[in-house]
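Everything below belongs to final-v5.cif, which stores mmCIF, C-alpha atoms and all ligand atoms.
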data_structure
#
loop_
_atom_site.label_atom_id
_atom_site.label_comp_id
_atom_site.auth_asym_id
_atom_site.auth_seq_id
_atom_site.Cartn_x
_atom_site.Cartn_y
_atom_site.Cartn_z
CA MET R 1 74.35 115.14 97.10
CA LYS R 2 75.94 118.43 95.99
CA ALA R 3 78.98 118.06 93.75
CA ASN R 4 82.17 119.89 94.74
CA PHE R 5 85.16 120.54 92.53
CA ARG R 6 88.87 120.04 93.06
CA ASN R 7 91.17 121.32 90.32
CA GLY R 8 88.20 121.31 87.94
CA ILE R 9 87.40 117.61 88.61
CA PRO R 10 83.80 117.17 89.88
CA ARG R 11 83.46 115.27 93.18
CA MET R 12 80.27 113.88 94.67
CA LYS R 13 81.70 112.15 97.74
CA LYS R 14 85.17 111.92 99.24
CA ARG R 15 87.14 109.06 97.73
CA VAL R 16 88.70 105.94 99.15
CA LEU R 17 91.44 103.95 97.49
CA SER R 18 93.04 100.75 98.66
CA GLY R 19 94.50 97.60 97.12
CA VAL R 20 95.83 94.12 97.67
CA GLN R 21 98.71 92.42 95.89
CA PRO R 22 97.93 89.15 94.10
CA SER R 23 101.18 87.80 95.51
CA GLY R 24 99.75 84.74 97.25
CA HIS R 25 96.58 83.43 98.84
CA LEU R 26 94.81 86.03 100.98
CA HIS R 27 94.75 85.35 104.71
CA ILE R 28 92.72 86.50 107.69
CA GLY R 29 95.24 89.34 108.28
CA ASN R 30 94.43 90.80 104.85
CA TYR R 31 90.74 90.45 105.64
CA LEU R 32 90.82 91.98 109.15
CA GLY R 33 93.38 94.69 108.29
CA ALA R 34 91.90 95.76 104.97
CA LEU R 35 88.89 94.06 103.34
CA LYS R 36 86.63 94.23 106.40
CA SER R 37 87.17 98.02 106.65
CA TRP R 38 86.55 98.44 102.92
CA VAL R 39 83.14 96.80 103.22
CA LYS R 40 82.23 99.38 105.87
CA VAL R 41 83.63 102.52 104.25
CA GLN R 42 82.16 101.82 100.81
CA HIS R 43 78.79 103.15 101.99
CA GLY R 44 80.11 106.60 102.91
CA TYR R 45 82.75 107.19 100.23
CA GLU R 46 83.23 106.86 96.50
CA SER R 47 85.25 103.68 96.75
CA ASN R 48 87.93 102.28 94.47
CA PHE R 49 89.54 98.95 95.29
CA CYS R 50 92.26 97.50 93.12
CA ILE R 51 94.22 94.34 92.67
CA VAL R 52 97.74 95.74 92.52
CA ASP R 53 99.40 93.37 90.07
CA LEU R 54 102.15 95.90 89.20
CA HIS R 55 103.15 95.81 92.87
CA ALA R 56 103.15 92.00 92.93
CA ILE R 57 105.77 91.82 90.14
CA THR R 58 108.30 93.72 92.27
CA VAL R 59 109.27 90.17 93.23
CA TYR R 60 109.18 87.34 90.66
CA GLN R 61 105.74 85.85 90.01
CA ASP R 62 105.07 82.85 87.81
CA PRO R 63 102.98 84.38 84.95
CA ALA R 64 100.25 81.70 84.85
CA GLU R 65 99.94 81.70 88.64
CA LEU R 66 99.79 85.50 88.75
CA ARG R 67 96.89 85.54 86.31
CA ALA R 68 95.00 82.99 88.44
CA LYS R 69 95.73 84.90 91.66
CA ILE R 70 94.42 88.17 90.19
CA GLU R 71 91.06 86.48 89.61
CA GLU R 72 91.12 84.80 93.01
CA VAL R 73 91.74 88.12 94.77
CA ALA R 74 88.99 89.86 92.78
CA ALA R 75 86.53 87.11 93.69
CA LEU R 76 87.56 87.41 97.35
CA PHE R 77 86.87 91.16 97.31
CA LEU R 78 83.32 90.36 96.20
CA ALA R 79 82.92 87.42 98.57
CA SER R 80 84.02 89.65 101.48
CA GLY R 81 81.14 92.02 100.73
CA ILE R 82 82.51 94.68 98.37
CA ASP R 83 79.46 95.64 96.33
CA PRO R 84 80.37 96.30 92.67
CA ASP R 85 77.24 98.45 92.26
CA ILE R 86 78.64 101.03 94.67
CA SER R 87 82.41 100.36 94.56
CA SER R 88 84.78 100.11 91.61
CA ILE R 89 86.88 96.94 91.60
CA PHE R 90 89.64 96.89 89.00
CA VAL R 91 93.09 95.59 88.15
CA GLN R 92 95.86 98.19 88.54
CA SER R 93 97.60 97.35 85.23
CA SER R 94 94.30 97.89 83.33
CA VAL R 95 94.58 101.62 84.07
CA ALA R 96 97.82 102.81 82.46
CA GLU R 97 97.81 106.10 84.39
CA HIS R 98 99.05 104.32 87.56
CA ALA R 99 102.43 103.69 85.91
CA GLU R 100 102.45 107.11 84.20
CA LEU R 101 101.88 109.05 87.42
CA ALA R 102 104.35 106.82 89.25
CA TRP R 103 107.13 108.06 86.94
CA MET R 104 106.28 111.70 87.61
CA LEU R 105 106.28 111.04 91.36
CA THR R 106 109.56 109.10 91.14
CA CYS R 107 111.13 112.28 89.84
CA VAL R 108 110.17 114.25 92.96
CA THR R 109 111.07 111.50 95.48
CA PRO R 110 114.52 111.50 97.11
CA VAL R 111 116.05 108.03 97.02
CA GLY R 112 116.92 108.28 100.73
CA TRP R 113 113.18 108.36 101.57
CA LEU R 114 112.77 104.99 99.80
CA GLN R 115 115.86 103.36 101.27
CA ARG R 116 114.49 104.01 104.77
CA MET R 117 111.30 101.97 104.21
CA THR R 118 111.22 98.96 106.54
CA GLN R 119 109.33 96.82 103.99
CA PHE R 120 112.05 97.51 101.40
CA LYS R 121 114.74 96.51 103.89
CA ALA R 122 112.88 93.31 104.90
CA LYS R 123 111.95 92.22 101.37
CA SER R 124 115.30 93.02 99.80
CA GLU R 125 117.08 90.87 102.41
CA ALA R 126 115.40 87.79 100.92
CA GLN R 127 116.46 88.59 97.30
CA GLU R 128 119.67 87.60 95.53
CA THR R 129 119.44 90.68 93.33
CA ILE R 130 117.31 93.62 94.38
CA GLY R 131 115.08 94.86 91.56
CA ASP R 132 114.59 98.61 91.26
CA GLY R 133 110.84 97.94 91.44
CA LEU R 134 111.18 96.85 95.05
CA LEU R 135 112.69 100.23 95.95
CA GLN R 136 110.08 102.10 93.88
CA TYR R 137 107.17 100.11 95.38
CA PRO R 138 105.97 102.93 97.69
CA VAL R 139 106.11 105.51 94.87
CA LEU R 140 103.76 103.34 92.81
CA MET R 141 101.56 103.06 95.88
CA ALA R 142 101.56 106.85 96.20
CA ALA R 143 100.52 107.06 92.53
CA ASP R 144 97.63 104.62 93.13
CA ILE R 145 96.30 106.83 95.91
CA LEU R 146 97.00 110.32 94.55
CA LEU R 147 95.62 109.41 91.11
CA TYR R 148 92.13 109.28 92.64
CA GLN R 149 92.63 112.22 95.03
CA ALA R 150 91.73 109.75 97.79
CA ALA R 151 90.88 111.28 101.16
CA ILE R 152 91.31 108.08 103.15
CA VAL R 153 93.20 104.84 102.65
CA PRO R 154 92.04 101.87 104.74
CA VAL R 155 95.02 99.57 105.31
CA GLY R 156 96.65 97.34 107.89
CA GLU R 157 99.30 98.81 110.19
CA ASP R 158 102.20 97.47 108.07
CA GLN R 159 101.30 100.03 105.41
CA SER R 160 101.39 103.06 107.76
CA GLN R 161 104.95 103.96 106.85
CA HIS R 162 104.14 103.85 103.12
CA LEU R 163 101.13 106.09 103.73
CA GLU R 164 103.33 108.56 105.58
CA LEU R 165 105.62 108.59 102.54
CA THR R 166 102.63 109.12 100.23
CA ARG R 167 101.75 112.23 102.22
CA ASP R 168 105.36 113.46 102.00
CA ILE R 169 105.41 112.92 98.23
CA ALA R 170 102.05 114.69 97.76
CA GLN R 171 103.20 117.64 99.86
CA ARG R 172 106.52 117.88 98.03
CA PHE R 173 104.80 117.82 94.64
CA ASN R 174 102.21 120.40 95.79
CA SER R 175 104.90 122.73 97.09
CA LEU R 176 107.05 122.41 93.94
CA TYR R 177 104.29 122.66 91.34
CA GLY R 178 101.22 124.09 93.10
CA ASP R 179 98.25 122.46 94.78
CA THR R 180 97.58 119.26 92.81
CA PHE R 181 96.99 116.30 95.11
CA THR R 182 94.74 115.61 98.07
CA VAL R 183 96.92 114.62 101.04
CA PRO R 184 95.34 111.32 102.21
CA ALA R 185 94.72 110.06 105.75
CA THR R 186 95.48 106.53 106.95
CA HIS R 187 92.47 104.57 108.18
CA LEU R 188 93.38 101.69 110.52
CA PRO R 189 90.82 99.26 111.96
CA SER R 190 90.37 99.44 115.74
CA SER R 191 91.24 95.74 116.04
CA GLY R 192 93.02 93.38 113.64
CA ALA R 193 95.33 96.09 112.25
CA ARG R 194 98.35 93.80 112.68
CA VAL R 195 97.59 90.09 112.79
CA MET R 196 100.68 88.06 113.64
CA GLY R 197 101.83 84.68 112.30
CA LEU R 198 100.30 81.71 114.12
CA ASP R 199 103.62 79.87 114.07
CA ASP R 200 105.60 82.95 115.15
CA PRO R 201 103.67 85.72 116.91
CA GLU R 202 106.68 88.05 116.60
CA THR R 203 106.28 88.31 112.79
CA LYS R 204 103.38 89.72 110.81
CA MET R 205 101.06 87.21 109.14
CA SER R 206 102.05 87.38 105.49
CA LYS R 207 100.97 85.77 102.19
CA SER R 208 104.48 85.08 101.09
CA ALA R 209 105.85 83.70 104.40
CA PRO R 210 106.82 80.04 104.29
CA GLY R 211 105.37 77.54 106.75
CA ALA R 212 102.11 75.59 106.53
CA GLY R 213 101.00 76.77 109.98
CA HIS R 214 101.79 80.46 109.49
CA ALA R 215 98.51 81.90 108.17
CA VAL R 216 94.85 80.96 107.96
CA GLY R 217 93.90 81.41 104.31
CA LEU R 218 90.49 82.87 103.49
CA LEU R 219 89.88 79.78 101.37
CA ASP R 220 91.24 77.23 103.85
CA PRO R 221 88.71 74.42 104.45
CA PRO R 222 87.30 74.61 108.01
CA GLU R 223 89.24 71.57 109.23
CA VAL R 224 92.52 73.06 107.92
CA ALA R 225 91.82 76.42 109.58
CA ARG R 226 90.99 74.66 112.85
CA LYS R 227 94.16 72.57 112.78
CA LYS R 228 96.33 75.67 112.21
CA ILE R 229 94.70 77.54 115.10
CA MET R 230 94.91 74.54 117.44
CA ARG R 231 98.66 74.34 116.70
CA ALA R 232 99.30 78.08 117.11
CA THR R 233 102.33 79.01 119.20
CA THR R 234 101.42 80.16 122.72
CA ASP R 235 103.62 80.07 125.84
CA SER R 236 104.24 78.03 128.96
CA GLN R 237 101.34 79.49 131.02
CA PRO R 238 98.37 77.13 131.45
CA ALA R 239 95.55 79.63 130.99
CA VAL R 240 94.71 83.14 129.76
CA ASN R 241 95.73 85.90 132.16
CA PHE R 242 94.90 89.38 130.84
CA GLU R 243 97.44 90.93 133.24
CA SER R 244 100.32 89.20 131.43
CA LEU R 245 99.35 88.08 127.93
CA GLY R 246 102.05 86.41 125.85
CA ALA R 247 102.29 87.47 122.19
CA GLY R 248 100.74 84.27 120.78
CA VAL R 249 97.76 84.32 123.14
CA ALA R 250 97.23 88.06 122.59
CA ASN R 251 97.22 87.42 118.83
CA LEU R 252 94.56 84.70 119.08
CA ILE R 253 92.37 86.94 121.24
CA GLU R 254 92.84 89.85 118.82
CA ILE R 255 91.76 87.66 115.89
CA ALA R 256 88.52 86.67 117.61
CA ARG R 257 87.92 90.24 118.78
CA ALA R 258 88.41 91.66 115.30
CA PHE R 259 86.08 89.16 113.63
CA GLU R 260 83.37 89.62 116.26
CA GLU R 261 83.99 93.34 116.87
CA TRP R 262 84.13 92.73 120.61
CA THR R 263 85.17 95.44 123.06
CA GLU R 264 88.11 94.66 125.31
CA GLU R 265 85.69 94.05 128.22
CA ARG R 266 83.74 91.55 126.12
CA ALA R 267 86.95 89.78 125.14
CA ARG R 268 88.02 89.60 128.79
CA ALA R 269 84.68 88.15 129.79
CA GLU R 270 85.02 85.60 127.01
CA PHE R 271 88.59 84.47 127.57
CA ASP R 272 90.06 85.45 130.97
CA GLY R 273 91.03 82.29 132.85
CA ARG R 274 90.34 79.93 129.93
CA ARG R 275 92.82 77.13 129.40
CA TYR R 276 94.75 77.52 126.14
CA GLY R 277 93.10 74.48 124.53
CA GLU R 278 89.66 76.01 125.16
CA LEU R 279 90.81 79.41 123.94
CA LYS R 280 92.03 77.93 120.66
CA LYS R 281 88.85 75.94 120.16
CA ARG R 282 86.70 79.04 120.67
CA VAL R 283 88.88 81.16 118.36
CA ALA R 284 88.71 78.44 115.68
CA ASP R 285 84.89 78.38 116.00
CA VAL R 286 84.75 82.16 115.53
CA VAL R 287 87.07 82.16 112.51
CA ILE R 288 85.27 79.26 110.80
CA ALA R 289 81.85 80.84 111.41
CA HIS R 290 83.04 83.91 109.46
CA LEU R 291 84.91 82.05 106.74
CA GLU R 292 82.15 79.61 105.82
CA PRO R 293 79.68 82.16 104.36
CA LEU R 294 82.55 84.01 102.65
CA GLN R 295 83.68 80.76 101.01
CA ARG R 296 80.11 79.96 99.91
CA ARG R 297 79.86 83.35 98.18
CA TYR R 298 83.30 82.83 96.62
CA ARG R 299 82.18 79.53 95.07
CA GLU R 300 79.04 81.18 93.66
CA ILE R 301 81.07 84.05 92.15
CA VAL R 302 83.66 81.86 90.44
CA GLY R 303 80.90 79.51 89.26
CA GLU R 304 79.17 82.25 87.27
CA PRO R 305 80.82 82.43 83.83
CA GLY R 306 81.88 85.92 82.75
CA TYR R 307 80.73 87.66 85.95
CA LEU R 308 84.17 88.47 87.34
CA THR R 309 85.52 89.67 83.99
CA GLY R 310 82.53 92.00 83.69
CA VAL R 311 83.03 93.43 87.21
CA LEU R 312 86.72 94.15 86.52
CA ARG R 313 86.04 95.68 83.10
CA ASP R 314 83.26 97.94 84.47
CA GLY R 315 85.41 98.96 87.43
CA ALA R 316 88.32 99.99 85.19
CA GLU R 317 85.98 101.92 82.90
CA ARG R 318 84.49 103.78 85.85
CA VAL R 319 87.82 104.90 87.32
CA ARG R 320 89.64 105.78 84.08
CA PRO R 321 88.19 109.31 83.63
CA VAL R 322 89.36 110.38 87.10
CA ALA R 323 92.79 108.82 86.56
CA ALA R 324 93.12 110.56 83.19
CA SER R 325 92.08 113.97 84.62
CA THR R 326 94.63 113.74 87.42
CA VAL R 327 97.45 112.77 85.06
CA GLN R 328 96.56 115.63 82.71
CA LEU R 329 96.62 118.03 85.65
CA ALA R 330 99.96 116.72 86.97
CA LYS R 331 101.49 116.93 83.48
CA ALA R 332 100.27 120.49 83.03
CA ARG R 333 101.57 121.47 86.47
CA MET R 334 105.01 120.01 85.65
CA GLY R 335 105.17 121.73 82.26
CA LEU R 336 104.95 118.49 80.28
CA TYR R 337 103.37 118.70 76.84
CA VAL R 338 99.59 118.20 77.11
N1 LIG F 401 99.11 90.55 109.08
C1 LIG F 401 98.33 91.55 108.71
N2 LIG F 401 97.46 92.09 109.59
C2 LIG F 401 96.63 93.11 109.22
N3 LIG F 401 96.61 93.62 107.97
C3 LIG F 401 97.45 93.09 107.06
N4 LIG F 401 97.67 93.35 105.76
C4 LIG F 401 98.64 92.54 105.29
N5 LIG F 401 99.07 91.73 106.27
C5 LIG F 401 98.34 92.04 107.37
C6 LIG F 401 96.95 94.36 104.99
O1 LIG F 401 96.38 93.72 103.86
C7 LIG F 401 96.36 94.66 102.77
C8 LIG F 401 96.93 94.02 101.56
O2 LIG F 401 98.29 93.72 101.75
P1 LIG F 401 99.25 93.70 100.49
O3 LIG F 401 98.76 92.70 99.52
O4 LIG F 401 99.40 95.07 99.97
O5 LIG F 401 100.65 93.27 100.98
P2 LIG F 401 101.33 93.21 102.36
O6 LIG F 401 100.90 94.33 103.23
O7 LIG F 401 102.79 93.09 102.12
O8 LIG F 401 100.65 91.87 102.85
P3 LIG F 401 101.21 90.43 102.93
O9 LIG F 401 100.06 89.54 103.18
O10 LIG F 401 102.34 90.40 103.90
O11 LIG F 401 101.72 90.11 101.45
P4 LIG F 401 103.16 89.78 100.91
O12 LIG F 401 103.63 88.59 101.67
O13 LIG F 401 102.92 89.48 99.45
O14 LIG F 401 104.01 90.99 101.12
C9 LIG F 401 97.13 95.90 103.22
O15 LIG F 401 96.21 96.89 103.61
C10 LIG F 401 97.91 95.40 104.41
O16 LIG F 401 98.16 96.42 105.35
#

Starting from the file, lay out its structure as structure tokens.
Amino acid sequence: MKANFRNGIPRMKKRVLSGVQPSGHLHIGNYLGALKSWVKVQHGYESNFCIVDLHAITVYQDPAELRAKIEEVAALFLASGIDPDISSIFVQSSVAEHAELAWMLTCVTPVGWLQRMTQFKAKSEAQETIGDGLLQYPVLMAADILLYQAAIVPVGEDQSQHLELTRDIAQRFNSLYGDTFTVPATHLPSSGARVMGLDDPETKMSKSAPGAGHAVGLLDPPEVARKKIMRATTDSQPAVNFESLGAGVANLIEIARAFEEWTEERARAEFDGRRYGELKKRVADVVIAHLEPLQRRYREIVGEPGYLTGVLRDGAERVRPVAASTVQLAKARMGLYV
């Protein structure tokens, strides 16, 4: 493939950047909203996927648990099908330029833009004292993306507002200091972009939400996953009616659709008229059929001494030159001493 150049940095393919916080155990929402898309896009783009530990510490994390979760998330990237021979998998804090660029971007970001973020409002409500990091979270996210001049960012729908802000920050920087950053596009999956909690279909499925029946974890044993799905909140109707789907039933159908990549017609044929007990049983079968091979691969990966450490080290080494070039360029554009 012919190389092209942007600001003197050689490019072979357009880039993708996305990440997951090691802030809890990953769930099927993280998989359907993000990881599943990453596995697809990695074949057409130069792909960088990171474990965003600097984002996770915007709320308190137990240090020993954080370390373990970073490794768990990295192993789940691989078990989901991210191929380390074609994609770079790395830990955000291993590449110092993320924090360096974040500071430069903080200085061009009006505080009002950050105070409007719905995630900031929701997460700060639960805190006794609101750390500045929670407010700055989307600026760090913008740095993650702009550092690699990413053209697309595959995420779940909850991150759309942060992506919009990333574009605003890139455009503001480019207009103040000259063309520096690629303005990235959001890439949402056609189904599974917003998986809702099983216990409360009005709230997004989330790693950090309390409640044993809230989320199906990617590492939940099959019988645990089945029990959670069988207990999912539905409504008082007896059977599925596509003309008036309640939120809980719609969520269960969406989960099965997203795993199986069914069209709406196929989903209708599968579920219309089914009693809720049957619907749940079928959805549980679908979810378990996808989780079992993923969990097998996960066990193989964590059972191979040194493998994960090597993948993360190689990934960080691969992305560092691009990160360093972008930071040098941004510093030069701003008049900092280079
Ligand atoms: N419920 C969801 N449905 C679809 N996609 C989702 N994502 C998260 N929840 C859902 C997508 O998963 C990726 C990684 O998310 P994150 O780690 O950056 O944090 P988040 O978006 O805040 O996800 P959580 O699970 O709710 O974590 P906590 O509780 O720690 O905040 C992103 O692409 C996200 O869109």

Quick one: residues within 12 Å of (100.6, 97.7, 110.7) (file frame), counting only C-alpha atoms, please, as a ChimeraX atom specification.
/R:29-30,32-34,118-119,154-163,186-196,203-206

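Distance check against ligand LIG 401 (chain F) using all atoms listed in the file: of R:Tyr60, R:Tyr298, R:Tyr177, R:Tyr148, the minimum falls on R:Tyr60.
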
Name all residues at most 8 Å from R:Leu146 (count only C-alpha atoms; drop same-chain ones fewer than 6 positions away) and give them as a PyMOL selection string.
chain R and resi 170+181-184

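You can rank R:Leu135, R:Ile253, R:Val39, R:Val108 by their closest distance to R:Val16 using all atoms listed in the file, and at the top of that list sits R:Val39.
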
Please provide the set of residues having any atom within 8 Å of R:Ser124, restricted to all atoms listed in the file, with same-chain residues fewer than 4 positions apart removed, written as a list in words.
Phe120, Ile130 and Leu134 of chain R

Around all listed atoms of ligand LIG 401 (chain F), padded 8 Å per side, what centre and edge lengths does the axis-aligned box have in Å to one decimal, as JSON?
{"center_x": 100.1, "center_y": 92.7, "center_z": 104.5, "size_x": 23.8, "size_y": 24.3, "size_z": 26.1}

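Near R:Pro84, within 9 Å and counting only C-alpha atoms, sit Leu78, Ser88, Ile89, Val311, Asp314 and Gly315 of chain R, not including residues fewer than 4 positions from it in the same chain.
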
Restricting it to C-alpha atoms, dump the selection as a tab-separated table (two decimals), keeping the file's coordinate frame.
chain	number	residue	atom	x	y	z
R	78	LEU	CA	83.32	90.36	96.20
R	88	SER	CA	84.78	100.11	91.61
R	89	ILE	CA	86.88	96.94	91.60
R	311	VAL	CA	83.03	93.43	87.21
R	314	ASP	CA	83.26	97.94	84.47
R	315	GLY	CA	85.41	98.96	87.43

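Note that the spacing between atom CA of R:Ile70 and atom CA of R:Pro22 amounts to 5.3 Å.
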
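Among the candidates R:Glu100, R:Asp85, R:Glu202, R:Glu317, the residue lying nearest to ligand LIG 401 (chain F) is R:Glu202 (atoms considered: only C-alpha atoms and all ligand atoms).
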
So the first atom is atom CA of R:Ala185 and the second is atom C2 of ligand LIG 401 (chain F); what is the distance between them in Å, to one decimal place?
17.4 Å

Excluding R:Leu26 and any residue of its chain fewer than 2 positions from it, enumerate the residues within 10 Å of it, using all atoms listed in the file, and give them as a compact mmCIF listing (two decimals) with C-alpha atoms, keeping the file's coordinate frame.
# COMPACT_ATOMS: atom_id res chain seq x y z
CA VAL R 20 95.83 94.12 97.67
CA GLN R 21 98.71 92.42 95.89
CA PRO R 22 97.93 89.15 94.10
CA SER R 23 101.18 87.80 95.51
CA GLY R 24 99.75 84.74 97.25
CA ILE R 28 92.72 86.50 107.69
CA GLY R 29 95.24 89.34 108.28
CA ASN R 30 94.43 90.80 104.85
CA TYR R 31 90.74 90.45 105.64
CA LYS R 69 95.73 84.90 91.66
CA GLU R 72 91.12 84.80 93.01
CA VAL R 73 91.74 88.12 94.77
CA LEU R 76 87.56 87.41 97.35
CA SER R 206 102.05 87.38 105.49
CA LYS R 207 100.97 85.77 102.19
CA SER R 208 104.48 85.08 101.09
CA ALA R 215 98.51 81.90 108.17
CA VAL R 216 94.85 80.96 107.96
CA GLY R 217 93.90 81.41 104.31
CA LEU R 218 90.49 82.87 103.49
CA LEU R 219 89.88 79.78 101.37
CA ASP R 220 91.24 77.23 103.85

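Going from atom CA of R:Leu101 to atom CA of R:Lys331 covers 8.8 Å.
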
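Take the candidates R:Arg257, R:Arg318, R:Lys36, R:Lys281 and check each one against R:Ala232 using only C-alpha atoms; the shortest distance goes to R:Lys281.
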
Which of these residues is nearest to ligand LIG 401 (chain F), using only C-alpha atoms and all ligand atoms: R:Met230, R:Ala225, R:Leu198, R:Ala267?
R:Leu198

Restricting to only C-alpha atoms and all ligand atoms, whichever of R:Pro221, R:Gly335, R:Pro138, R:Pro305 is closest to ligand LIG 401 (chain F) is R:Pro138

Pull stretch 248-262 of chain R out of the block and emit N, CA, C and O atoms, as a PDB file, in the first residue's frame.
ATOM      1  N   GLY R 248     -37.379  -3.602  28.695  1.00  0.00           N
ATOM      2  CA  GLY R 248     -36.617  -4.789  29.097  1.00  0.00           C
ATOM      3  C   GLY R 248     -36.602  -5.844  28.004  1.00  0.00           C
ATOM      4  O   GLY R 248     -35.567  -6.458  27.724  1.00  0.00           O
ATOM      5  N   VAL R 249     -37.752  -6.056  27.378  1.00  0.00           N
ATOM      6  CA  VAL R 249     -37.859  -7.056  26.310  1.00  0.00           C
ATOM      7  C   VAL R 249     -37.050  -6.599  25.094  1.00  0.00           C
ATOM      8  O   VAL R 249     -36.294  -7.373  24.488  1.00  0.00           O
ATOM      9  N   ALA R 250     -37.167  -5.315  24.766  1.00  0.00           N
ATOM     10  CA  ALA R 250     -36.407  -4.769  23.623  1.00  0.00           C
ATOM     11  C   ALA R 250     -34.906  -4.958  23.860  1.00  0.00           C
ATOM     12  O   ALA R 250     -34.156  -5.299  22.936  1.00  0.00           O
ATOM     13  N   ASN R 251     -34.473  -4.776  25.101  1.00  0.00           N
ATOM     14  CA  ASN R 251     -33.053  -4.926  25.427  1.00  0.00           C
ATOM     15  C   ASN R 251     -32.592  -6.374  25.220  1.00  0.00           C
ATOM     16  O   ASN R 251     -31.534  -6.623  24.648  1.00  0.00           O
ATOM     17  N   LEU R 252     -33.401  -7.321  25.674  1.00  0.00           N
ATOM     18  CA  LEU R 252     -33.023  -8.732  25.513  1.00  0.00           C
ATOM     19  C   LEU R 252     -32.927  -9.096  24.032  1.00  0.00           C
ATOM     20  O   LEU R 252     -31.987  -9.782  23.603  1.00  0.00           O
ATOM     21  N   ILE R 253     -33.887  -8.601  23.251  1.00  0.00           N
ATOM     22  CA  ILE R 253     -33.879  -8.896  21.809  1.00  0.00           C
ATOM     23  C   ILE R 253     -32.644  -8.267  21.158  1.00  0.00           C
ATOM     24  O   ILE R 253     -31.961  -8.893  20.339  1.00  0.00           O
ATOM     25  N   GLU R 254     -32.340  -7.037  21.572  1.00  0.00           N
ATOM     26  CA  GLU R 254     -31.176  -6.330  21.008  1.00  0.00           C
ATOM     27  C   GLU R 254     -29.877  -7.090  21.317  1.00  0.00           C
ATOM     28  O   GLU R 254     -28.984  -7.170  20.471  1.00  0.00           O
ATOM     29  N   ILE R 255     -29.789  -7.640  22.518  1.00  0.00           N
ATOM     30  CA  ILE R 255     -28.577  -8.391  22.894  1.00  0.00           C
ATOM     31  C   ILE R 255     -28.399  -9.594  21.958  1.00  0.00           C
ATOM     32  O   ILE R 255     -27.321  -9.808  21.401  1.00  0.00           O
ATOM     33  N   ALA R 256     -29.465 -10.348  21.768  1.00  0.00           N
ATOM     34  CA  ALA R 256     -29.368 -11.523  20.891  1.00  0.00           C
ATOM     35  C   ALA R 256     -29.059 -11.103  19.457  1.00  0.00           C
ATOM     36  O   ALA R 256     -28.202 -11.691  18.786  1.00  0.00           O
ATOM     37  N   ARG R 257     -29.734 -10.052  19.001  1.00  0.00           N
ATOM     38  CA  ARG R 257     -29.519  -9.542  17.642  1.00  0.00           C
ATOM     39  C   ARG R 257     -28.075  -9.140  17.409  1.00  0.00           C
ATOM     40  O   ARG R 257     -27.480  -9.444  16.386  1.00  0.00           O
ATOM     41  N   ALA R 258     -27.514  -8.438  18.408  1.00  0.00           N
ATOM     42  CA  ALA R 258     -26.150  -7.922  18.254  1.00  0.00           C
ATOM     43  C   ALA R 258     -25.138  -9.066  18.237  1.00  0.00           C
ATOM     44  O   ALA R 258     -24.210  -9.068  17.427  1.00  0.00           O
ATOM     45  N   PHE R 259     -25.328 -10.052  19.108  1.00  0.00           N
ATOM     46  CA  PHE R 259     -24.403 -11.195  19.099  1.00  0.00           C
ATOM     47  C   PHE R 259     -24.484 -11.937  17.768  1.00  0.00           C
ATOM     48  O   PHE R 259     -23.477 -12.291  17.177  1.00  0.00           O
ATOM     49  N   GLU R 260     -25.711 -12.178  17.306  1.00  0.00           N
ATOM     50  CA  GLU R 260     -25.902 -13.007  16.109  1.00  0.00           C
ATOM     51  C   GLU R 260     -25.863 -12.219  14.808  1.00  0.00           C
ATOM     52  O   GLU R 260     -25.906 -12.803  13.735  1.00  0.00           O
ATOM     53  N   GLU R 261     -25.843 -10.895  14.908  1.00  0.00           N
ATOM     54  CA  GLU R 261     -25.881 -10.007  13.736  1.00  0.00           C
ATOM     55  C   GLU R 261     -27.123 -10.278  12.889  1.00  0.00           C
ATOM     56  O   GLU R 261     -27.054 -10.375  11.662  1.00  0.00           O
ATOM     57  N   TRP R 262     -28.264 -10.416  13.558  1.00  0.00           N
ATOM     58  CA  TRP R 262     -29.523 -10.634  12.869  1.00  0.00           C
ATOM     59  C   TRP R 262     -30.088  -9.302  12.368  1.00  0.00           C
ATOM     60  O   TRP R 262     -29.949  -8.271  13.031  1.00  0.00           O
TER      61      TRP R 262
END
